[in-house]
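Trainee: A single structure is presented below for examination.
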Amino acid sequence: MRKILKNKILIASFLFTFLDLLQGFLVLAPFFIFLRTFLEKSGAALKLWPFMSVDVLGDIVINNSGAIGMFLISAVVIYVVYIPLKTLAAGAIYGLIIFRNDDGRISPANAGDFLRLSTDVWIGFIKVAVFGVIVYLVALFLGISFGEIFGRFSKLLRLAVVFIFLLAGSTLLQILRINIISSGDISLRTGFKSILRIVPGSLVRLLIGNISVAAAGLAVVLILFIGLKGIKNMDWNPARVLVSIVLQQMIVFVVCLGQSIRINFNYSVMKRGEDDALGRAELG
Amino acid sequence: MIPAFMAACWINAGLIALPAVLPASYEIRVQLNDSSRTLAGSQQIRFINPTSQPLESICFHLYPNAFKDTSTVFCRENPRTKSKVASGNIARLDLSEIKLNGIKVQPDNIEISGTLLYMGLPAPLKPGRSIDISMNFELLIPAAMERFGYDSNGNYIISHWYPIICGYQKGELIDREYHSNSEFFSNFSKYDVTVALPADFKFGSTGEFEQISSNDSVAVWHAAADTVIDFAFVCGPRFTVFETDTLGIRLYYMLTPNGVPFYQKTDSITKYSLAYLSDRLFQYPYKNYIVADINSGSQGLELPGLVAVVYSGSGLERTAGILEVTIAHETAHQWFYGMIATNETDDPWLDEGFASYYEDKIIESFGEDIYSINLAGWKIPISSLERNAVLQDKASFPIDMPSWEYPSWGSYSGAVYGRARLVLESLEYFLGQDSFDKAMKDYAVAYRFGHPDSDDLRDVLEASTERELLDFFNMFVKGTARIDYSVESLEFREITGDSILSYLVTVHVKRELDGKLPQVLSVGLADGARIDTLWDGRAKFREFEFRTGSIPEFAALDMVQACPLDENMINNSLYRENWTGRIMAFEWDSIFIIELLASLLL
Ligand SMILES: [Zn+2]
């Protein structure tokens with residue numbers, strides 16, 4: 001049972017990673033085509049490793065401002081088109097994480113159910129995505145304001161405060177999505193109602209769980225980053241490029257894994273909270 | 001050319017030639033009232049007509065009056081200053097008891113126009129003859145803005161503060177209104193200044209200074225400066241003064257609590273800059289040099305023997321090298337402004353452009369990558385960002401233009417600081433490093449304590465290098481020519497019929513824009529050899545043919561990228577091979593950034 005669960009989380013993480021990879025590729029594709037046409041035979045291509053030099057970047061921007069504008073527009077258009085598709089898939093992956101076989105509800109193993117689930121919750125997920133912009137802005141604002149207070153003691157503490165607020169925002173959004181899937185109700189208002197009913201009792205558990213997962217993820221990501229930096233500090237060669245790409249994808253995968261574990265964790269907390277709340281209601 | 005009155009009276013004081021007779025000597029006696037923020041006192045000037053014509057009048061700058069109300073030229077040109085003045089932060093310089101040779105000047109002999117005051121003389125002043133002028137004045141000091149005032153520590157920077165006689169250049173009176181973008185111009189003078197300050201104030205000034213008396217409430221300081229174009233001082237209760245020596249120069253670092261932690265950085269860059277410039281140009285000739293940590297309204301401000309630098313305390317001093325760059329820049333001004341006293345109002349590029357050029361040179365050799373933004377190990381050189389910003393502007397204005405003709409601060413600084421630096425670096429590329437360095441030294445020595453203009457500069461450079469520079473100056477100094485060269489094609493074929501295998505390599509190059517500079521065309525061969533050919537860069541297209549022993553790998557113009565004015569370096573080289581692998585690696589990097597951001601939002 002536990003093994004299946006773990007595999008589900010791994011599969012979900014792979015799927016999330018793939019969705020993000022696809023997003024990066026699609027958004028940048030027009031720029032890449034343009035880049036190749038004039039860098040392919042220029043010595044400037046030698047200045048792309050470890051990072052594009054400011055001179056090359058400057059030459060591209062200064063001499064192709066019109067084209068750069070076009071790429072920005074096309075990137076936004078591709079993003080806008082891609083996000084609903086990604087949301088559709090993300091709904092399905094949330095379902096994959098949440099539903100356990102012994103729940104007696106939809107089995108995600110069934111492809112038809114999987115698809116139906118995604119389309120059902122799709123609108124709800126898009127609502128959450130739009131609402132997410134506000135949540136992150138508020139979280140950032142609060143994080144920076146509170147960080148200012150704690151920042152007097154140490155810079156690291158300031159960053160940690162901002163990070164915790166962003167994590168809280170992210171957790172809120174995850175809980176909203178989880179609620180949509182488990183209840184099948186795409187209304188955000190219902191989502192908030194159930195959050196108000198359940199979260200206060202489980203607040204400490206939610207905080208500790210999410211922070212631990214995020215901290216563990218961050219630690220692994222940092223280690224991978226140090227490796228990436230080490231590779232990037234060496235001269236260019238195809239083998240090193242391959243290693244750097246693998247490390248980059250591992251970093252993204254670790255982030256996605258952390259997200260999947262948090263989704264799973266938040267779901268179990270919500271479920272327990274709901275049972276508790278029901279229990280209290282029955283007692284009352 | 002050295003003005004006649006000066007050339008006539010050079011004396012040789014050791015290594016440094018000083019003009020023996022200066023057109024003006026000032027005797028100033030003032031007292032600072034800290035509570036009313038005023039400085040009151042008197043000055044006596046002996047003025048000698050430095051021109052070859054009789055003078056009917058004498059003109060004074062009353063710079064502080066640019067901030068007396070919002071109707072001034074300065075305020076009309078600068079909304080930021082205007083709003084400060086409108087909110088009551090004003091300055092004012094009031095004169096009284098004006099006398100010529102001891103006789104009171106009648107009001108109808110005085111004409112005030114903006115920040116300029118013209119005083120009619122009772123009889124024309126013949127060339128080389130002197131006149132004594134005396135006056136009382138009172139200065140109202142504003143909170144730090146536009147190059148003077150008091151800062152939040154209660155310290156003062158007192159510059160351009162007394163009635164200053166307008167300078168003469170090549171016999172012509174330079175009576176320019178104080179514009180928002182313009183700085184200053186005056187002739188070398190002698191100063192004897194006495195300042196009474198609250199007893200707890202520290203003091204530092206142009207020239208040599210000492211405390212001559214003090215009691216419980218007031219301390220009197222005396223300063224003397226010879227052959228300087230202006231006199232300024234800093235004072236205040238919140239300075240810690242550090243003293244040290246270098247190259248026989250007494251150094252004073254007047255630091256506030258924000259600046260004290262940066263004593264060591266201040267010390268090393270100041271000493272390095274003075275040594276660098278003394279070596280490249282000529283020895284710094286004065287006894288003292290002061291770096292004062294005070295907000296003058298800008299990041300740095302140059303004054304004779306004294307520079308003001310803002311130590312923000314924000315940490316920029318620690319990371320991006322802003323502190324080092326500012327001190328290097330303002331120290332370079334000691335030469336390009338202070339001793340090679342060009343006209344800052346009419347030819348601002350001759351001081352700002354040169355200060356920016358030498359600032360860059362100093363920082364480059366001082367420490368690796370100190371002037372850069374560090375993004376998790378990716379160092380972004382700020383001077384590259386500055387170059388990009390300048391090139392982005394596509395040379396809207398020439399660099400040699402009077403300061404007030406630039407429509408904005410951005411266009412002014414972009415041209416006279418940013419683009420001028422690139423022009424000088426391109427000139428260095430054009431002349432070659434050694435030849436350029438020698439020519440700059442020749443220019444500096446020729447105009448030490450002189451007032452050269454752009455034509456004088458060109459004359460010295462041409463004489464020194466024996467190169468014709470009129471075209472270069474017309475294109476890049478007086479004009480707005482832009483540079484971009486490209487390699488259009490690289491082809492080769494085997495030459496048949498020879499006993500040994502050889503190839504005919506054909507390269508097509510192109511001049512994309514109007515600017516013309518010679519270019520080195522390099523052709524790299526598969527056997528590791530490289531053929532370098534000089535192209536004069538004048539024609540729009542040019543074909544080069546080479547007979548080689550092996551096939552070509554690449555063709556490149558200005559391979560070492562020594563000409564920063566070239567707006568597009570990407571088209572400067574053409575390789576036979578494709579760099580697909582390199583580009584793909586970069587593409588994966590770009591995807592990773594987007595991917596990582598997206599994954600955080602799940
Ligand atoms: Zn400057």
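Identifiers in the structure tokens: chain A, B, ... in order shown; residue index from 1 per chain; ligand index from 1 in order shown.
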Output as number ranges by chain the set of chain B residues within 7 Å of chain A, with distances taken over only C-alpha atoms.
Mentor: B: 380, 384, 388, 392, 567-571, 573-580, 582-583, 585-588, 591-592, 594-596, 598-600, 602
Trainee: How would the residues just chosen look if you wrote them out with C-alpha atoms as an mmCIF file, in the first residue's frame?
Mentor:
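Result went into out.cif, see below:
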data_model
loop_
_atom_site.group_PDB
_atom_site.id
_atom_site.type_symbol
_atom_site.label_atom_id
_atom_site.label_comp_id
_atom_site.auth_asym_id
_atom_site.auth_seq_id
_atom_site.Cartn_x
_atom_site.Cartn_y
_atom_site.Cartn_z
ATOM 1 C CA ILE B 380 27.775 41.020 -14.518
ATOM 2 C CA SER B 384 29.396 46.338 -19.883
ATOM 3 C CA ASN B 388 24.975 48.551 -23.636
ATOM 4 C CA GLN B 392 21.161 51.442 -27.136
ATOM 5 C CA GLU B 567 27.503 48.098 -31.958
ATOM 6 C CA ASN B 568 27.255 44.474 -32.956
ATOM 7 C CA MET B 569 30.083 42.089 -32.169
ATOM 8 C CA ILE B 570 28.013 39.044 -33.081
ATOM 9 C CA ASN B 571 28.430 39.695 -36.816
ATOM 10 C CA SER B 573 33.101 36.738 -36.927
ATOM 11 C CA LEU B 574 32.116 33.870 -39.157
ATOM 12 C CA TYR B 575 33.091 30.267 -38.446
ATOM 13 C CA ARG B 576 33.081 27.412 -40.889
ATOM 14 C CA GLU B 577 31.773 25.120 -38.179
ATOM 15 C CA ASN B 578 28.299 25.395 -36.627
ATOM 16 C CA TRP B 579 28.089 26.054 -32.880
ATOM 17 C CA THR B 580 24.860 24.081 -32.483
ATOM 18 C CA ARG B 582 26.969 25.464 -27.616
ATOM 19 C CA ILE B 583 23.665 27.049 -28.517
ATOM 20 C CA ALA B 585 23.472 24.093 -24.018
ATOM 21 C CA PHE B 586 22.380 27.690 -23.670
ATOM 22 C CA GLU B 587 18.827 26.782 -24.684
ATOM 23 C CA TRP B 588 18.651 24.146 -21.949
ATOM 24 C CA ILE B 591 14.444 26.398 -20.349
ATOM 25 C CA PHE B 592 15.660 25.468 -16.875
ATOM 26 C CA ILE B 594 11.409 29.019 -16.838
ATOM 27 C CA GLU B 595 10.916 25.447 -15.686
ATOM 28 C CA LEU B 596 12.174 26.164 -12.182
ATOM 29 C CA ALA B 598 6.914 27.174 -13.061
ATOM 30 C CA SER B 599 7.625 24.265 -10.715
ATOM 31 C CA LEU B 600 7.580 26.566 -7.695
ATOM 32 C CA LEU B 602 2.412 24.150 -8.516
#
Trainee: Please extract the residues at most 9 Å from ligand 1, counting only C-alpha atoms and all ligand atoms, and provide them as a ChimeraX atom specification, using the chain letters and residue numbers of this document.
Mentor: /B:300-302,326,329-330,332-333,351-356,417
Trainee: Hey, what's within 10 Å of range 134-141 of chain B if we count only C-alpha atoms and toss same-chain stuff fewer than 2 positions away? As number ranges by chain, please?
Mentor: B: 26-34, 36-46, 64-65, 67-68, 89-105, 132, 143-145, 148-150, 156-158, 161-163
Trainee: Enumerate the residues of range 334-461 of chain B with a DSSP assignment of strand (DSSP E or B), computed from the backbone, and present them as a ChimeraX atom specification.
Mentor: /B:340,372-375,378-381,450
Trainee: Those same residues, written as a PDB file, in the first residue's frame with N, CA and C atoms?
Mentor:
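The new file result28.pdb reads:
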ATOM      1  N   ILE B 340      44.072  70.091 -15.437  1.00  0.00           N
ATOM      2  CA  ILE B 340      43.882  70.337 -16.867  1.00  0.00           C
ATOM      3  C   ILE B 340      42.472  70.913 -16.906  1.00  0.00           C
ATOM      4  N   SER B 372      31.093  44.940 -10.359  1.00  0.00           N
ATOM      5  CA  SER B 372      30.155  44.046 -11.019  1.00  0.00           C
ATOM      6  C   SER B 372      29.067  43.608 -10.057  1.00  0.00           C
ATOM      7  N   ILE B 373      27.952  43.210 -10.646  1.00  0.00           N
ATOM      8  CA  ILE B 373      26.848  42.684  -9.853  1.00  0.00           C
ATOM      9  C   ILE B 373      27.036  41.171  -9.801  1.00  0.00           C
ATOM     10  N   ASN B 374      26.991  40.618  -8.608  1.00  0.00           N
ATOM     11  CA  ASN B 374      27.210  39.184  -8.470  1.00  0.00           C
ATOM     12  C   ASN B 374      25.869  38.472  -8.294  1.00  0.00           C
ATOM     13  N   LEU B 375      25.448  37.761  -9.349  1.00  0.00           N
ATOM     14  CA  LEU B 375      24.187  37.010  -9.271  1.00  0.00           C
ATOM     15  C   LEU B 375      24.531  35.543  -9.080  1.00  0.00           C
ATOM     16  N   TRP B 378      27.419  34.523 -11.000  1.00  0.00           N
ATOM     17  CA  TRP B 378      27.479  35.091 -12.346  1.00  0.00           C
ATOM     18  C   TRP B 378      27.778  36.569 -12.199  1.00  0.00           C
ATOM     19  N   LYS B 379      29.004  36.971 -12.546  1.00  0.00           N
ATOM     20  CA  LYS B 379      29.394  38.366 -12.382  1.00  0.00           C
ATOM     21  C   LYS B 379      29.004  39.157 -13.625  1.00  0.00           C
ATOM     22  N   ILE B 380      28.161  40.162 -13.405  1.00  0.00           N
ATOM     23  CA  ILE B 380      27.775  41.020 -14.518  1.00  0.00           C
ATOM     24  C   ILE B 380      28.567  42.316 -14.399  1.00  0.00           C
ATOM     25  N   PRO B 381      29.510  42.546 -15.320  1.00  0.00           N
ATOM     26  CA  PRO B 381      30.307  43.772 -15.220  1.00  0.00           C
ATOM     27  C   PRO B 381      29.435  44.995 -15.489  1.00  0.00           C
ATOM     28  N   GLY B 450      46.421  74.615 -17.476  1.00  0.00           N
ATOM     29  CA  GLY B 450      45.928  75.358 -18.625  1.00  0.00           C
ATOM     30  C   GLY B 450      44.446  75.088 -18.836  1.00  0.00           C
TER      31      GLY B 450
END
Trainee: List every residue of range 99-240 of chain A that DSSP, applied to the backbone of this structure, assigns to alpha helix (DSSP H), and report them as number ranges by chain.
Mentor: A: 111-150, 155-183, 188-232, 238-240
Trainee: CA of Tyr485 in chain B and CA of Gly549 in chain B are how many Å apart?
Mentor: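 Going from CA of Tyr485 in chain B over to CA of Gly549 in chain B, I get 27.2 Å.
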Trainee: I'd like the neighbourhood of Gly120 in chain B as a PDB file with N, CA and C atoms, in the first residue's frame, where a residue qualifies if any of its atoms comes within 12 Å (using only C-alpha atoms), though same-chain residues fewer than 3 positions away should be ignored.
Mentor:
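Below is the file result.pdb, written as the result:
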ATOM      1  N   LEU B  55      39.410  95.590 -20.260  1.00  0.00           N
ATOM      2  CA  LEU B  55      38.109  95.092 -19.778  1.00  0.00           C
ATOM      3  C   LEU B  55      37.263  96.247 -19.286  1.00  0.00           C
ATOM      4  N   GLU B  56      35.987  96.238 -19.692  1.00  0.00           N
ATOM      5  CA  GLU B  56      35.056  97.293 -19.278  1.00  0.00           C
ATOM      6  C   GLU B  56      34.315  96.890 -18.009  1.00  0.00           C
ATOM      7  N   SER B  57      34.222  95.560 -17.803  1.00  0.00           N
ATOM      8  CA  SER B  57      33.465  95.093 -16.642  1.00  0.00           C
ATOM      9  C   SER B  57      34.050  93.776 -16.156  1.00  0.00           C
ATOM     10  N   ILE B  58      33.648  93.420 -14.943  1.00  0.00           N
ATOM     11  CA  ILE B  58      34.067  92.135 -14.383  1.00  0.00           C
ATOM     12  C   ILE B  58      32.799  91.353 -14.051  1.00  0.00           C
ATOM     13  N   CYS B  59      32.866  90.068 -14.338  1.00  0.00           N
ATOM     14  CA  CYS B  59      31.660  89.258 -14.135  1.00  0.00           C
ATOM     15  C   CYS B  59      31.882  88.249 -13.005  1.00  0.00           C
ATOM     16  N   PHE B  60      30.859  88.076 -12.169  1.00  0.00           N
ATOM     17  CA  PHE B  60      30.919  87.112 -11.067  1.00  0.00           C
ATOM     18  C   PHE B  60      29.835  86.045 -11.222  1.00  0.00           C
ATOM     19  N   ILE B  98      29.936  96.630  -1.858  1.00  0.00           N
ATOM     20  CA  ILE B  98      30.858  96.295  -2.950  1.00  0.00           C
ATOM     21  C   ILE B  98      31.729  97.511  -3.270  1.00  0.00           C
ATOM     22  N   LYS B  99      33.022  97.316  -3.254  1.00  0.00           N
ATOM     23  CA  LYS B  99      33.945  98.432  -3.510  1.00  0.00           C
ATOM     24  C   LYS B  99      34.968  98.038  -4.566  1.00  0.00           C
ATOM     25  N   LEU B 100      35.333  99.048  -5.407  1.00  0.00           N
ATOM     26  CA  LEU B 100      36.410  98.860  -6.381  1.00  0.00           C
ATOM     27  C   LEU B 100      37.527  99.814  -5.991  1.00  0.00           C
ATOM     28  N   VAL B 105      30.811 100.892  -5.098  1.00  0.00           N
ATOM     29  CA  VAL B 105      30.264 100.803  -6.453  1.00  0.00           C
ATOM     30  C   VAL B 105      28.798 101.215  -6.429  1.00  0.00           C
ATOM     31  N   GLN B 106      28.427 102.112  -7.308  1.00  0.00           N
ATOM     32  CA  GLN B 106      27.046 102.583  -7.361  1.00  0.00           C
ATOM     33  C   GLN B 106      26.142 101.469  -7.924  1.00  0.00           C
ATOM     34  N   PRO B 107      24.895 101.381  -7.409  1.00  0.00           N
ATOM     35  CA  PRO B 107      23.995 100.307  -7.858  1.00  0.00           C
ATOM     36  C   PRO B 107      23.800 100.278  -9.376  1.00  0.00           C
ATOM     37  N   ASP B 108      23.816 101.456 -10.034  1.00  0.00           N
ATOM     38  CA  ASP B 108      23.590 101.407 -11.484  1.00  0.00           C
ATOM     39  C   ASP B 108      24.813 100.899 -12.249  1.00  0.00           C
ATOM     40  N   ASN B 109      25.925 100.646 -11.542  1.00  0.00           N
ATOM     41  CA  ASN B 109      27.068 100.012 -12.203  1.00  0.00           C
ATOM     42  C   ASN B 109      27.042  98.499 -12.047  1.00  0.00           C
ATOM     43  N   ILE B 110      25.969  98.026 -11.422  1.00  0.00           N
ATOM     44  CA  ILE B 110      25.868  96.584 -11.206  1.00  0.00           C
ATOM     45  C   ILE B 110      24.649  96.042 -11.941  1.00  0.00           C
ATOM     46  N   GLU B 111      24.891  94.970 -12.694  1.00  0.00           N
ATOM     47  CA  GLU B 111      23.777  94.377 -13.426  1.00  0.00           C
ATOM     48  C   GLU B 111      23.737  92.888 -13.075  1.00  0.00           C
ATOM     49  N   ILE B 112      22.546  92.454 -12.648  1.00  0.00           N
ATOM     50  CA  ILE B 112      22.437  91.038 -12.296  1.00  0.00           C
ATOM     51  C   ILE B 112      21.566  90.330 -13.328  1.00  0.00           C
ATOM     52  N   LEU B 117      26.640  88.250 -12.123  1.00  0.00           N
ATOM     53  CA  LEU B 117      26.658  89.659 -11.726  1.00  0.00           C
ATOM     54  C   LEU B 117      27.757  90.367 -12.511  1.00  0.00           C
ATOM     55  N   ALA B 123      37.000 102.779 -15.151  1.00  0.00           N
ATOM     56  CA  ALA B 123      37.814 102.982 -16.358  1.00  0.00           C
ATOM     57  C   ALA B 123      38.242 101.614 -16.858  1.00  0.00           C
ATOM     58  N   PRO B 124      38.418 101.457 -18.191  1.00  0.00           N
ATOM     59  CA  PRO B 124      38.810 100.136 -18.703  1.00  0.00           C
ATOM     60  C   PRO B 124      40.098  99.646 -18.029  1.00  0.00           C
ATOM     61  N   LEU B 125      40.107  98.341 -17.720  1.00  0.00           N
ATOM     62  CA  LEU B 125      41.272  97.727 -17.075  1.00  0.00           C
ATOM     63  C   LEU B 125      42.179  97.168 -18.161  1.00  0.00           C
ATOM     64  N   ILE B 133      38.971  94.444  -5.530  1.00  0.00           N
ATOM     65  CA  ILE B 133      37.520  94.411  -5.348  1.00  0.00           C
ATOM     66  C   ILE B 133      37.260  93.882  -3.947  1.00  0.00           C
TER      67      ILE B 133
END
Trainee: State, in Å with one decimal place, the distance from CA of Phe14 in chain A to CA of Ile123 in chain A.
Mentor: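 Here the two named atoms are 23.8 Å from each other.
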Trainee: Between CA of Thr206 in chain B and CA of Pro304 in chain B, what is the spacing in Å?
Mentor: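 If I compute the distance from CA of Pro304 in chain B to CA of Thr206 in chain B, I get 5.7 Å.
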Trainee: Set the distance at 8 Å and use only C-alpha atoms: which residues neighbour Ile164 in chain A once local chain neighbours fewer than 4 positions away are removed? I'd like the list as a list in words.
Mentor: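 Non-adjacent residues within range: Gly143, Ala160, Ala168 and Ile211 of chain A.
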Trainee: If you keep C-alpha atoms, can you produce a file of those selected residues as a PDB file, in the first residue's frame?
Mentor:
ATOM      1  CA  GLY A 143       6.774  38.535   3.772  1.00  0.00           C
ATOM      2  CA  ALA A 160      13.368  32.827   5.641  1.00  0.00           C
ATOM      3  CA  ALA A 168       1.922  29.651   3.224  1.00  0.00           C
ATOM      4  CA  ILE A 211       7.975  23.802   6.199  1.00  0.00           C
TER       5      ILE A 211
END
Trainee: For Val291 in chain B, which residue out of B:Ser550, B:Gln264, B:Thr194, B:Thr331 is the nearest one, using only C-alpha atoms?
Mentor: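 For Val291 in chain B, the nearest of the candidates is B:Thr331.
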Trainee: Need to verify the contact set: Phe188 in chain B, 7 Å, only C-alpha atoms, exclusion of same-chain residues closer than 6 positions in sequence. Can you return it as a PyMOL selection string?
Mentor: chain B and resi 22+227-229
Trainee: Which of these, B:Ser25, B:Leu427, B:Asn181, B:Gly321, has the shortest distance to Asp230 in chain B once you count only C-alpha atoms?
Mentor: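 Comparing B:Ser25, B:Leu427, B:Asn181, B:Gly321 against Asp230 in chain B, the winner is B:Ser25.
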Trainee: Name the residues in contact with Asn264 in chain A at a cut-off of 12 Å, using only C-alpha atoms, excluding same-chain residues fewer than 3 positions from it; report them as a count of residues only.
Mentor: 34
